[in-house]
file data_28.cif (mmCIF, C-alpha atoms and all ligand atoms)
data_query
loop_
_atom_site.label_atom_id
_atom_site.label_comp_id
_atom_site.auth_asym_id
_atom_site.auth_seq_id
_atom_site.Cartn_x
_atom_site.Cartn_y
_atom_site.Cartn_z
CA MET A 15 -31.79 -13.24 2.72
CA HIS A 16 -29.51 -10.85 4.64
CA GLY A 17 -27.70 -12.29 7.64
CA THR A 18 -25.35 -10.76 10.16
CA LEU A 19 -22.21 -11.70 8.26
CA GLU A 20 -23.27 -9.92 5.07
CA GLN A 21 -24.26 -6.80 7.00
CA MET A 22 -21.07 -6.85 9.04
CA LEU A 23 -18.82 -7.20 6.00
CA GLY A 24 -20.84 -5.14 3.53
CA ILE A 25 -21.23 -8.05 1.10
CA ASP A 26 -24.26 -9.50 -0.71
CA VAL A 27 -23.69 -13.25 -0.27
CA PRO A 28 -21.92 -14.95 2.68
CA ILE A 29 -19.35 -16.69 0.51
CA VAL A 30 -15.67 -16.05 1.13
CA LEU A 31 -12.89 -16.84 -1.32
CA GLY A 32 -10.16 -18.44 0.79
CA PRO A 33 -6.83 -16.60 0.76
CA PHE A 34 -4.00 -18.46 -1.01
CA GLY A 35 -0.65 -17.51 0.53
CA GLY A 36 1.83 -17.36 -2.34
CA MET A 37 -0.88 -18.18 -4.87
CA SER A 38 -3.59 -15.52 -4.63
CA SER A 39 -4.45 -13.56 -7.76
CA VAL A 40 -5.90 -10.07 -7.99
CA ALA A 41 -8.22 -11.21 -10.78
CA LEU A 42 -9.78 -13.98 -8.68
CA THR A 43 -10.10 -11.88 -5.53
CA ALA A 44 -11.76 -9.11 -7.54
CA ALA A 45 -14.05 -11.56 -9.36
CA VAL A 46 -15.45 -12.95 -6.10
CA SER A 47 -15.84 -9.49 -4.55
CA ASP A 48 -17.50 -8.17 -7.72
CA GLY A 49 -19.87 -11.14 -7.58
CA GLY A 50 -21.05 -10.02 -4.12
CA GLY A 51 -18.93 -12.39 -2.02
CA LEU A 52 -15.78 -11.58 -0.07
CA GLY A 53 -12.62 -12.02 -2.12
CA SER A 54 -9.51 -12.63 0.00
CA PHE A 55 -5.86 -12.20 -0.89
CA GLY A 56 -3.09 -14.09 0.95
CA LEU A 57 -0.09 -11.95 1.88
CA TYR A 58 2.21 -14.69 3.19
CA GLY A 59 5.82 -13.68 2.53
CA TYR A 60 4.91 -10.27 1.07
CA ASP A 61 6.95 -7.28 2.28
CA GLY A 62 5.40 -3.86 2.84
CA GLU A 63 6.05 -2.61 -0.67
CA ARG A 64 4.50 -5.67 -2.30
CA ILE A 65 1.45 -5.39 -0.02
CA ARG A 66 0.97 -1.76 -1.03
CA GLU A 67 1.28 -2.65 -4.74
CA THR A 68 -1.17 -5.53 -4.33
CA ALA A 69 -3.70 -3.37 -2.50
CA ALA A 70 -3.49 -0.73 -5.24
CA ALA A 71 -4.07 -3.42 -7.88
CA LEU A 72 -7.06 -4.77 -5.94
CA ARG A 73 -8.53 -1.28 -5.59
CA ALA A 74 -8.13 -0.75 -9.34
CA ALA A 75 -9.82 -4.10 -10.04
CA THR A 76 -12.82 -3.85 -7.69
CA ASP A 77 -14.63 -1.25 -5.64
CA ARG A 78 -16.23 -3.94 -3.45
CA PRO A 79 -15.00 -5.10 -0.01
CA PHE A 80 -12.09 -7.56 0.12
CA ALA A 81 -10.01 -9.24 2.80
CA LEU A 82 -6.25 -9.26 3.21
CA ASN A 83 -4.82 -12.28 5.02
CA LEU A 84 -1.75 -12.47 7.27
CA TRP A 85 -0.02 -15.30 9.10
CA LEU A 86 0.48 -14.21 12.71
CA PRO A 87 3.91 -14.81 14.22
CA THR A 88 3.71 -17.71 16.67
CA GLY A 89 7.14 -17.15 18.20
CA ASP A 90 8.51 -20.52 17.15
CA GLU A 91 9.64 -19.41 13.68
CA VAL A 92 13.35 -20.03 13.19
CA THR A 93 15.61 -17.29 11.82
CA PRO A 94 18.72 -17.78 9.64
CA ALA A 95 20.84 -17.13 12.75
CA ASP A 96 19.44 -20.02 14.74
CA VAL A 97 19.05 -22.80 12.19
CA ASP A 98 21.58 -25.01 10.39
CA LEU A 99 20.18 -25.60 6.92
CA GLY A 100 22.85 -28.18 6.03
CA ALA A 101 21.00 -31.51 6.16
CA ALA A 102 17.69 -30.16 4.85
CA ARG A 103 19.42 -28.36 1.98
CA ASP A 104 21.47 -31.46 1.11
CA ALA A 105 18.28 -33.54 1.04
CA LEU A 106 16.87 -31.15 -1.57
CA ALA A 107 19.89 -31.38 -3.90
CA PRO A 108 18.14 -33.63 -6.48
CA LEU A 109 15.16 -31.26 -6.55
CA TYR A 110 17.39 -28.20 -7.08
CA ARG A 111 19.10 -30.12 -9.88
CA ALA A 112 15.78 -31.06 -11.46
CA ALA A 113 14.71 -27.41 -11.41
CA GLY A 114 18.05 -26.30 -12.87
CA VAL A 115 19.06 -24.13 -9.93
CA GLU A 116 22.00 -24.11 -7.48
CA PRO A 117 21.35 -24.92 -3.80
CA PRO A 118 20.89 -21.47 -2.24
CA ALA A 119 23.08 -19.69 0.30
CA THR A 120 21.38 -18.85 3.61
CA PRO A 121 19.39 -15.61 3.17
CA ALA A 122 19.41 -12.55 5.43
CA ARG A 123 15.83 -13.40 6.48
CA PHE A 124 13.22 -15.99 5.66
CA LEU A 125 10.19 -13.71 6.03
CA PRO A 126 9.51 -9.98 6.16
CA PRO A 127 8.87 -8.61 9.67
CA PHE A 128 5.23 -8.88 10.75
CA GLU A 129 5.14 -5.22 11.84
CA GLU A 130 6.15 -4.14 8.33
CA GLN A 131 3.32 -6.24 6.86
CA LEU A 132 0.83 -4.88 9.37
CA ASP A 133 1.76 -1.25 8.67
CA ALA A 134 1.16 -1.85 4.96
CA VAL A 135 -2.20 -3.49 5.70
CA TRP A 136 -3.27 -0.44 7.73
CA ASP A 137 -2.34 1.77 4.75
CA ALA A 138 -4.24 -0.57 2.41
CA ALA A 139 -7.36 -0.26 4.59
CA PRO A 140 -9.14 -3.45 3.45
CA ALA A 141 -12.69 -4.09 4.66
CA VAL A 142 -11.41 -7.18 6.43
CA LEU A 143 -8.13 -8.40 7.94
CA SER A 144 -8.19 -12.18 8.22
CA VAL A 145 -5.51 -13.99 10.18
CA VAL A 146 -4.26 -17.52 10.79
CA PHE A 147 -2.00 -19.18 13.36
CA GLY A 148 -3.17 -17.44 16.48
CA VAL A 149 -5.17 -14.77 18.23
CA PRO A 150 -4.29 -11.24 17.14
CA THR A 151 -3.20 -9.00 20.03
CA ARG A 152 -5.72 -6.61 21.54
CA GLY A 153 -3.66 -3.80 20.04
CA VAL A 154 -4.09 -5.19 16.53
CA VAL A 155 -7.83 -5.79 16.97
CA ASP A 156 -8.40 -2.32 18.47
CA GLU A 157 -6.38 -0.60 15.74
CA ALA A 158 -8.30 -2.49 13.04
CA HIS A 159 -11.61 -1.46 14.59
CA ARG A 160 -10.45 2.14 14.98
CA ARG A 161 -9.81 2.10 11.23
CA GLY A 162 -13.17 0.46 10.43
CA ILE A 163 -11.52 -2.86 9.49
CA ARG A 164 -13.24 -6.11 10.55
CA VAL A 165 -11.08 -8.91 11.90
CA ILE A 166 -11.63 -12.60 11.07
CA GLY A 167 -9.66 -15.27 12.95
CA THR A 168 -9.27 -18.93 12.01
CA ALA A 169 -9.84 -21.92 14.31
CA THR A 170 -9.28 -25.66 13.92
CA SER A 171 -10.90 -26.54 17.27
CA VAL A 172 -13.53 -25.32 19.74
CA ALA A 173 -10.80 -24.15 22.16
CA GLU A 174 -9.20 -22.02 19.45
CA ALA A 175 -12.57 -20.53 18.51
CA ARG A 176 -13.17 -19.58 22.16
CA ALA A 177 -9.72 -17.99 22.37
CA LEU A 178 -10.38 -15.98 19.21
CA GLU A 179 -13.74 -14.76 20.47
CA ALA A 180 -12.12 -13.72 23.78
CA GLY A 181 -9.53 -11.87 21.69
CA GLY A 182 -12.26 -9.71 20.16
CA VAL A 183 -12.44 -10.96 16.56
CA ASP A 184 -15.62 -10.18 14.61
CA ALA A 185 -16.06 -13.59 12.97
CA ILE A 186 -14.36 -16.97 12.97
CA VAL A 187 -13.43 -19.27 10.10
CA ALA A 188 -13.74 -22.83 11.42
CA SER A 189 -11.43 -24.90 9.27
CA GLY A 190 -12.08 -28.63 9.09
CA ALA A 191 -9.36 -31.17 8.37
CA GLU A 192 -10.62 -31.55 4.79
CA ALA A 193 -9.31 -28.10 3.91
CA ALA A 194 -6.49 -27.43 1.48
CA GLY A 195 -3.22 -25.91 2.62
CA HIS A 196 -1.84 -25.46 6.12
CA ARG A 197 -3.47 -26.67 9.30
CA VAL A 198 -3.52 -23.33 11.06
CA THR A 199 -3.64 -24.83 14.55
CA PHE A 200 -2.23 -22.65 17.35
CA LEU A 201 -3.30 -24.50 20.50
CA GLY A 202 -1.53 -27.84 20.66
CA GLN A 203 -0.19 -29.90 17.78
CA ALA A 204 -1.71 -29.68 14.30
CA GLU A 205 -1.68 -33.49 14.09
CA ARG A 206 -4.06 -33.58 17.06
CA SER A 207 -6.41 -30.95 15.68
CA LEU A 208 -7.82 -32.77 12.67
CA VAL A 209 -11.54 -32.38 13.35
CA GLY A 210 -13.64 -32.76 10.20
CA THR A 211 -15.88 -29.90 9.05
CA PHE A 212 -19.09 -31.80 9.82
CA ALA A 213 -18.08 -32.30 13.46
CA LEU A 214 -16.33 -28.96 13.93
CA ILE A 215 -18.95 -26.47 12.71
CA PRO A 216 -21.87 -27.20 15.06
CA GLN A 217 -19.57 -27.45 18.07
CA VAL A 218 -17.92 -24.12 17.28
CA VAL A 219 -21.34 -22.55 16.59
CA ASP A 220 -22.50 -23.72 20.03
CA ALA A 221 -19.36 -22.38 21.72
CA VAL A 222 -19.15 -18.81 20.39
CA GLY A 223 -21.47 -15.87 19.78
CA VAL A 224 -19.78 -14.42 16.70
CA PRO A 225 -20.63 -15.58 13.17
CA VAL A 226 -18.89 -18.81 12.10
CA ILE A 227 -17.64 -19.32 8.55
CA ALA A 228 -17.26 -22.97 7.55
CA ALA A 229 -14.13 -23.98 5.62
CA GLY A 230 -12.93 -27.34 4.38
CA GLY A 231 -14.58 -29.50 1.75
CA VAL A 232 -17.22 -26.97 0.67
CA ALA A 233 -17.10 -27.01 -3.12
CA ASP A 234 -20.66 -26.87 -4.46
CA ARG A 235 -24.25 -26.04 -3.48
CA ARG A 236 -24.58 -29.22 -1.39
CA GLY A 237 -21.62 -28.26 0.80
CA VAL A 238 -23.00 -24.74 1.29
CA ALA A 239 -26.44 -26.08 2.28
CA ALA A 240 -24.83 -28.54 4.70
CA ALA A 241 -22.68 -25.84 6.31
CA PHE A 242 -25.73 -23.62 6.92
CA ALA A 243 -27.71 -26.58 8.25
CA LEU A 244 -24.90 -27.06 10.77
CA GLY A 245 -25.28 -23.45 11.92
CA ALA A 246 -22.63 -21.67 9.87
CA SER A 247 -23.27 -18.04 8.86
CA GLY A 248 -20.98 -18.27 5.84
CA VAL A 249 -18.56 -20.51 3.97
CA GLN A 250 -14.94 -20.08 2.93
CA VAL A 251 -14.04 -21.94 -0.25
CA GLY A 252 -10.53 -22.63 -1.50
CA SER A 253 -9.97 -25.58 -3.82
CA ALA A 254 -13.08 -25.03 -5.98
CA PHE A 255 -12.01 -21.44 -6.72
CA LEU A 256 -8.39 -22.48 -7.22
CA ARG A 257 -9.59 -24.40 -10.27
CA SER A 258 -11.29 -21.34 -11.76
CA ARG A 259 -10.03 -19.43 -14.80
CA GLN A 260 -8.93 -16.39 -12.78
CA SER A 261 -6.77 -18.35 -10.30
CA ALA A 262 -2.97 -18.15 -10.28
CA ALA A 263 -2.61 -21.94 -10.03
CA SER A 264 -0.46 -23.50 -12.74
CA ALA A 265 -2.01 -25.72 -15.41
CA GLY A 266 -0.43 -28.74 -13.74
CA HIS A 267 -1.87 -27.80 -10.33
CA ARG A 268 -5.36 -27.32 -11.82
CA ALA A 269 -5.18 -30.69 -13.55
CA ALA A 270 -4.05 -32.35 -10.30
CA LEU A 271 -7.00 -30.71 -8.46
CA ALA A 272 -9.51 -31.85 -11.07
CA ASP A 273 -8.14 -35.42 -11.09
CA SER A 274 -7.72 -35.70 -7.31
CA ALA A 275 -9.70 -38.54 -5.71
CA ASP A 276 -11.32 -38.16 -2.28
CA THR A 277 -8.33 -40.07 -0.90
CA GLY A 278 -5.86 -38.24 -3.13
CA THR A 279 -4.40 -35.77 -0.62
CA VAL A 280 -1.98 -36.13 2.28
CA LEU A 281 -1.00 -34.03 5.29
CA THR A 282 2.73 -33.36 5.13
CA ARG A 283 5.42 -31.13 6.64
CA ALA A 284 7.67 -31.74 3.65
CA MET A 285 7.17 -28.49 1.75
CA SER A 286 7.13 -25.87 4.52
CA GLY A 287 8.01 -27.47 7.87
CA ARG A 288 4.38 -27.04 8.96
CA LEU A 289 1.57 -29.52 8.41
CA ALA A 290 -0.42 -28.89 5.23
CA ARG A 291 -2.82 -30.78 2.97
CA GLY A 292 -1.92 -31.33 -0.64
CA ILE A 293 -1.47 -33.81 -3.44
CA PRO A 294 1.72 -35.84 -3.04
CA ASN A 295 4.21 -35.41 -5.89
CA ARG A 296 7.89 -36.11 -6.48
CA ALA A 297 8.94 -33.28 -4.13
CA VAL A 298 6.80 -34.52 -1.22
CA ARG A 299 7.81 -38.15 -1.69
CA GLU A 300 11.55 -37.45 -1.92
CA ILE A 301 11.61 -35.02 1.00
CA GLU A 302 9.64 -37.38 3.25
CA ALA A 303 11.92 -40.29 2.27
CA ALA A 304 15.05 -38.24 3.05
CA ASP A 305 13.62 -37.37 6.48
CA ALA A 306 15.55 -34.09 6.85
CA ILE A 307 12.95 -31.33 7.06
CA ALA A 308 14.03 -27.92 8.42
CA PRO A 309 11.64 -26.13 10.79
CA PHE A 310 9.22 -23.49 9.51
CA PRO A 311 9.80 -21.09 7.81
CA ALA A 312 13.26 -22.34 6.80
CA GLN A 313 11.89 -25.36 4.94
CA ASN A 314 9.35 -23.23 3.08
CA TRP A 315 12.14 -20.89 2.01
CA LEU A 316 14.39 -23.80 0.93
CA THR A 317 11.67 -25.43 -1.19
CA GLY A 318 10.62 -22.01 -2.49
CA VAL A 319 13.92 -21.79 -4.38
CA PHE A 320 13.26 -24.87 -6.53
CA ARG A 321 9.52 -24.16 -6.70
CA ALA A 322 10.18 -20.73 -8.22
CA ALA A 323 12.81 -22.08 -10.63
CA ALA A 324 10.57 -24.94 -11.74
CA ALA A 325 7.79 -22.45 -12.55
CA GLY A 326 4.68 -24.55 -12.55
CA ASP A 327 6.19 -28.03 -12.94
CA ALA A 328 3.61 -29.97 -10.90
CA GLU A 329 6.21 -32.46 -9.61
CA LEU A 330 8.27 -29.60 -8.12
CA SER A 331 5.45 -27.44 -6.70
CA SER A 332 3.33 -27.28 -3.55
CA LEU A 333 0.10 -28.84 -4.80
CA TRP A 334 -2.14 -27.66 -1.95
CA ALA A 335 -5.55 -29.26 -2.33
CA GLY A 336 -8.55 -30.18 -0.19
CA GLN A 337 -10.38 -33.49 0.01
CA ALA A 338 -13.22 -32.22 -2.21
CA SER A 339 -10.99 -30.72 -4.91
CA ALA A 340 -12.52 -32.82 -7.67
CA LEU A 341 -16.05 -31.47 -7.00
CA GLY A 342 -17.22 -28.66 -9.23
CA SER A 343 -16.08 -27.97 -12.73
CA GLY A 344 -13.64 -25.08 -12.72
CA GLY A 345 -14.47 -22.52 -15.41
CA ASP A 346 -15.12 -18.86 -14.68
CA ALA A 347 -15.04 -17.77 -11.02
CA ALA A 348 -18.50 -16.21 -11.48
CA GLY A 349 -19.83 -19.67 -12.35
CA VAL A 350 -18.21 -21.26 -9.30
CA LEU A 351 -19.71 -18.49 -7.15
CA SER A 352 -23.21 -18.91 -8.57
CA GLU A 353 -23.06 -22.68 -7.99
CA LEU A 354 -22.19 -21.98 -4.32
CA VAL A 355 -24.90 -19.29 -4.02
CA ALA A 356 -27.47 -21.87 -5.15
CA GLY A 357 -26.90 -23.71 -1.85
CA LEU A 358 -27.68 -20.72 0.41
CA PRO A 359 -30.85 -20.93 2.51
CA ARG A 360 -33.70 -18.89 1.08
C1 LIG B 401 -2.74 -22.81 -2.37
C2 LIG B 401 -3.44 -22.52 -1.07
C3 LIG B 401 -2.89 -21.59 -0.20
C4 LIG B 401 -3.55 -21.28 0.99
N1 LIG B 401 -3.02 -20.29 1.80
C5 LIG B 401 -3.74 -19.84 2.86
C6 LIG B 401 -3.29 -18.70 3.60
O1 LIG B 401 -2.23 -18.14 3.33
N2 LIG B 401 -4.08 -18.26 4.60
C7 LIG B 401 -5.28 -18.87 4.93
O2 LIG B 401 -5.98 -18.39 5.81
N3 LIG B 401 -5.71 -19.96 4.25
C8 LIG B 401 -4.97 -20.45 3.23
N4 LIG B 401 -5.43 -21.53 2.50
C9 LIG B 401 -6.73 -22.17 2.88
C10 LIG B 401 -7.89 -21.59 2.06
O3 LIG B 401 -7.98 -20.21 2.19
C11 LIG B 401 -9.23 -22.22 2.46
O4 LIG B 401 -9.54 -21.99 3.81
C12 LIG B 401 -9.26 -23.72 2.19
O5 LIG B 401 -8.78 -23.99 0.89
C13 LIG B 401 -10.69 -24.25 2.35
O6 LIG B 401 -10.77 -25.63 2.10
P1 LIG B 401 -11.19 -26.22 0.65
O7 LIG B 401 -9.97 -26.15 -0.19
O8 LIG B 401 -11.60 -27.61 0.95
O9 LIG B 401 -12.29 -25.36 0.10
C14 LIG B 401 -4.77 -21.91 1.33
C15 LIG B 401 -5.30 -22.88 0.47
C16 LIG B 401 -4.66 -23.17 -0.73
C17 LIG B 401 -5.29 -24.16 -1.67
#

call {"tool": "encode", "arguments": {"input": "data_28.cif", "output": "C-alpha cells"}}
result
Amino acid sequence: MHGTLEQMLGIDVPIVLGPFGGMSSVALTAAVSDGGGLGSFGLYGYDGERIRETAAALRAATDRPFALNLWLPTGDEVTPADVDLGAARDALAPLYRAAGVEPPATPARFLPPFEEQLDAVWDAAPAVLSVVFGVPTRGVVDEAHRRGIRVIGTATSVAEARALEAGGVDAIVASGAEAAGHRVTFLGQAERSLVGTFALIPQVVDAVGVPVIAAGGVADRRGVAAAFALGASGVQVGSAFLRSRQSAASAGHRAALADSADTGTVLTRAMSGRLARGIPNRAVREIEAADAIAPFPAQNWLTGVFRAAAAGDAELSSLWAGQASALGSGGDAAGVLSELVAGLPR
C-alpha cells in the first residue's frame, strides 16, 4: 500500500507523530521516523540557535525524513511594550509561591522573532515544514519548495483548509476538536471552530485536492481505520505517542493521560492566553477562578516561569491531552506505531 502522502513525504507509512511545542523529544521524533512514519518536532519558543542544535541532534538520531513545526505569527501577539502584566501576574502569585520562584520581571521579548526561526529551519533543511495558526506566505511556500521542503498546513474548518490549499501547501492536517493542545484556528474564533474529527475529515476531503491528514482522537488501529474510511490519506497522532517511553512528558503528565476519562479534558485559555485542550489541574482552576488572563503569548510566558520551576509537578504544568488519551497502552513508541499501522487499509 503506497499512497500519495507516503510518496510525497518519502515515508513508508502515512502516520505522523504530532509536534509538541515545548514538549517534543528528539528520541520520540527519531523513533517514529525510524519506524517509517513521519516524526515531527515542535519548535514553539525556540530561537535560531536552539533550532540548529535540535536539527543536528535529529540528524544524528535518524537518517529518515522528519518534520519541523512552527507557529506562524498571526499579528495579534502582544509584545512586552504593549501589555500590562500586572493583574495577570498578581493572579499567579500563589502558583509562583507553590513552585518556589519569584514573580518574574517583564522580559525583553516573549518569543524569538519568526524570521530568525525560519532562517534556522531553512538551514536545518527538514523534509517537511509543518505550520499552525495560519496560511504561510507565498514567499515561505516558494522558498520551501525551492529547497525541496514540503509544507503541511493545519486547519480546524473547511474554510481554513480551502485557504491553505489556495496558499500552495502540499498537504493539510485537519484537526478535530478532540485533539490535544491548542486549537490552531486562524479564521474566526477558536470557540466557534470546534468541529469533531468525524464531521471535519470528510468535509475537508471533499473541499480540497491535496492529501488530508486526520488529527484528533486517533489513538489506536480503530481510529486509523475510521480516518481512512472518511477519506483521510494519513493520520497525525499526539496523545497516544505522548504516553510512550521516548516522550518528554513528565511522569505526572503520563499518569494523567493514562487515567483521563473521555470527559476528562477541558478547553481553556488559562495557561497560554489561547484556547487549548488539556486536563484541568490546580493551575487551570486557580487561573480561571481569578479571571485575569493576559493575552497570548504573555500568559504563556508568565505561566512558563512557574511551569519550569515546578519541573514536572502535574498540578503546576500544562497537561495538554486529547479526548482519547486513555486509549492505547503507552510503552515503546515502536509499539504505539505498530498498533496504528494495523489500522491502515490493505
Ligand atoms: C503537549 C502538546 C503540545 C502540542 N504542540 C503542538 C504544536 O506546537 N504544534 C502543532 O501543530 N500541534 C501541537 N500539538 C497537537 C499535536 O501535534 C496533535 O495534532 C494532537 O495531539 C492530535 O490529537 P490527539 O492528541 O487526540 O492525538 C500539541 C499536542 C500536545 C499534546

call {"tool": "residues_near_ligand", "arguments": {"input": "data_28.cif", "ligand": "ligand LIG 401 (chain B)", "cutoff": "9 Å", "atoms": "all atoms listed in the file", "output": "MDAnalysis selection string"}}
result
chainID A and resid 30:38 54:58 83:85 144:147 167:168 187:198 228:233 249:256 263 291:292 332:339

call {"tool": "residues_near_point", "arguments": {"input": "data_28.cif", "point": "(16.7, -33.8, 5.5)", "cutoff": "10 Å", "atoms": "all atoms listed in the file", "output": "PyMOL selection string"}}
result
chain A and resi 99-106+284+300-308+313

call {"tool": "atom_distance", "arguments": {"input": "data_28.cif", "atom1": "CA of Gln260 (chain A)", "atom2": "CA of Ser39 (chain A)"}}
result
7.3 Å

call {"tool": "atom_distance", "arguments": {"input": "data_28.cif", "atom1": "CA of Arg235 (chain A)", "atom2": "CA of Ala340 (chain A)"}}
result
14.2 Å

call {"tool": "residues_around", "arguments": {"input": "data_28.cif", "residues": "Ile215 (chain A)", "least_positions_apart": "4", "cutoff": "12 Å", "atoms": "all atoms listed in the file", "output": "PyMOL selection string"}}
result
chain A and resi 169-172+175+186-191+209-211+219-222+225-230+240-249

call {"tool": "atom_distance", "arguments": {"input": "data_28.cif", "atom1": "CA of Leu316 (chain A)", "atom2": "CA of Ala71 (chain A)"}}
result
28.9 Å

call {"tool": "closest_residue", "arguments": {"input": "data_28.cif", "among": "A:Phe310, A:Gln203, A:Gly344, A:Val319", "to": "Ala119 (chain A)", "atoms": "all atoms listed in the file"}}
result
A:Val319

call {"tool": "closest_residue", "arguments": {"input": "data_28.cif", "among": "A:Ala347, A:Ala324, A:Ala95, A:Ala139", "to": "Ala44 (chain A)", "atoms": "all atoms listed in the file"}}
result
A:Ala347

call {"tool": "closest_residue", "arguments": {"input": "data_28.cif", "among": "A:Val155, A:Ala141, A:Ala322, A:Leu341", "to": "Gly24 (chain A)", "atoms": "all atoms listed in the file"}}
result
A:Ala141

call {"tool": "residues_around", "arguments": {"input": "data_28.cif", "residues": "Gln131 (chain A)", "least_positions_apart": "2", "cutoff": "10 Å", "atoms": "all atoms listed in the file", "output": "PyMOL selection string"}}
result
chain A and resi 57-66+84-85+126-129+133-136

call {"tool": "residues_around", "arguments": {"input": "data_28.cif", "residues": "Leu358 (chain A)", "least_positions_apart": "2", "cutoff": "7 Å", "atoms": "only C-alpha atoms", "output": "PyMOL selection string"}}
result
chain A and resi 238-239+355-356+360

call {"tool": "residues_around", "arguments": {"input": "data_28.cif", "residues": "Ala112 (chain A)", "least_positions_apart": "4", "cutoff": "12 Å", "atoms": "all atoms listed in the file", "output": "PyMOL selection string"}}
result
chain A and resi 106-108+116-117+296-297+319-321+323-325+327+329-331

call {"tool": "closest_residue", "arguments": {"input": "data_28.cif", "among": "A:Gly278, A:Pro150, A:Gly349, A:Gly342", "to": "Ile166 (chain A)", "atoms": "all atoms listed in the file"}}
result
A:Pro150

call {"tool": "closest_residue", "arguments": {"input": "data_28.cif", "among": "A:Gly182, A:Gly345, A:Gly49, A:Pro311", "to": "Ser258 (chain A)", "atoms": "all atoms listed in the file"}}
result
A:Gly345

call {"tool": "residues_near_point", "arguments": {"input": "data_28.cif", "point": "(-22.7, -16.8, -2.5)", "cutoff": "6 Å", "atoms": "all atoms listed in the file", "output": "MDAnalysis selection string"}}
result
chainID A and resid 27:29 51 351 354:355

call {"tool": "build_atoms", "arguments": {"input": "data_28.cif", "residues": "region 347-358 of chain A", "atoms": "N, CA and C atoms", "output": "CSV table (one decimal), keeping the file's coordinate frame"}}
result
chain,number,residue,atom,x,y,z
A,347,ALA,N,-14.8,-17.9,-12.5
A,347,ALA,CA,-15.0,-17.8,-11.0
A,347,ALA,C,-16.5,-17.4,-10.8
A,348,ALA,N,-17.1,-16.6,-11.7
A,348,ALA,CA,-18.5,-16.2,-11.5
A,348,ALA,C,-19.4,-17.4,-11.5
A,349,GLY,N,-19.1,-18.4,-12.3
A,349,GLY,CA,-19.8,-19.7,-12.4
A,349,GLY,C,-19.7,-20.5,-11.1
A,350,VAL,N,-18.4,-20.5,-10.6
A,350,VAL,CA,-18.2,-21.3,-9.3
A,350,VAL,C,-19.0,-20.6,-8.2
A,351,LEU,N,-19.0,-19.2,-8.2
A,351,LEU,CA,-19.7,-18.5,-7.2
A,351,LEU,C,-21.2,-18.7,-7.3
A,352,SER,N,-21.7,-18.7,-8.5
A,352,SER,CA,-23.2,-18.9,-8.6
A,352,SER,C,-23.6,-20.3,-8.2
A,353,GLU,N,-22.8,-21.3,-8.5
A,353,GLU,CA,-23.1,-22.7,-8.0
A,353,GLU,C,-23.1,-22.7,-6.4
A,354,LEU,N,-22.2,-22.0,-5.8
A,354,LEU,CA,-22.2,-22.0,-4.3
A,354,LEU,C,-23.4,-21.2,-3.8
A,355,VAL,N,-23.8,-20.1,-4.4
A,355,VAL,CA,-24.9,-19.3,-4.0
A,355,VAL,C,-26.2,-20.1,-4.1
A,356,ALA,N,-26.3,-21.0,-5.0
A,356,ALA,CA,-27.5,-21.9,-5.2
A,356,ALA,C,-27.7,-22.7,-3.9
A,357,GLY,N,-26.7,-22.9,-3.1
A,357,GLY,CA,-26.9,-23.7,-1.8
A,357,GLY,C,-27.3,-22.9,-0.6
A,358,LEU,N,-27.3,-21.6,-0.8
A,358,LEU,CA,-27.7,-20.7,0.4
A,358,LEU,C,-29.1,-20.9,0.8
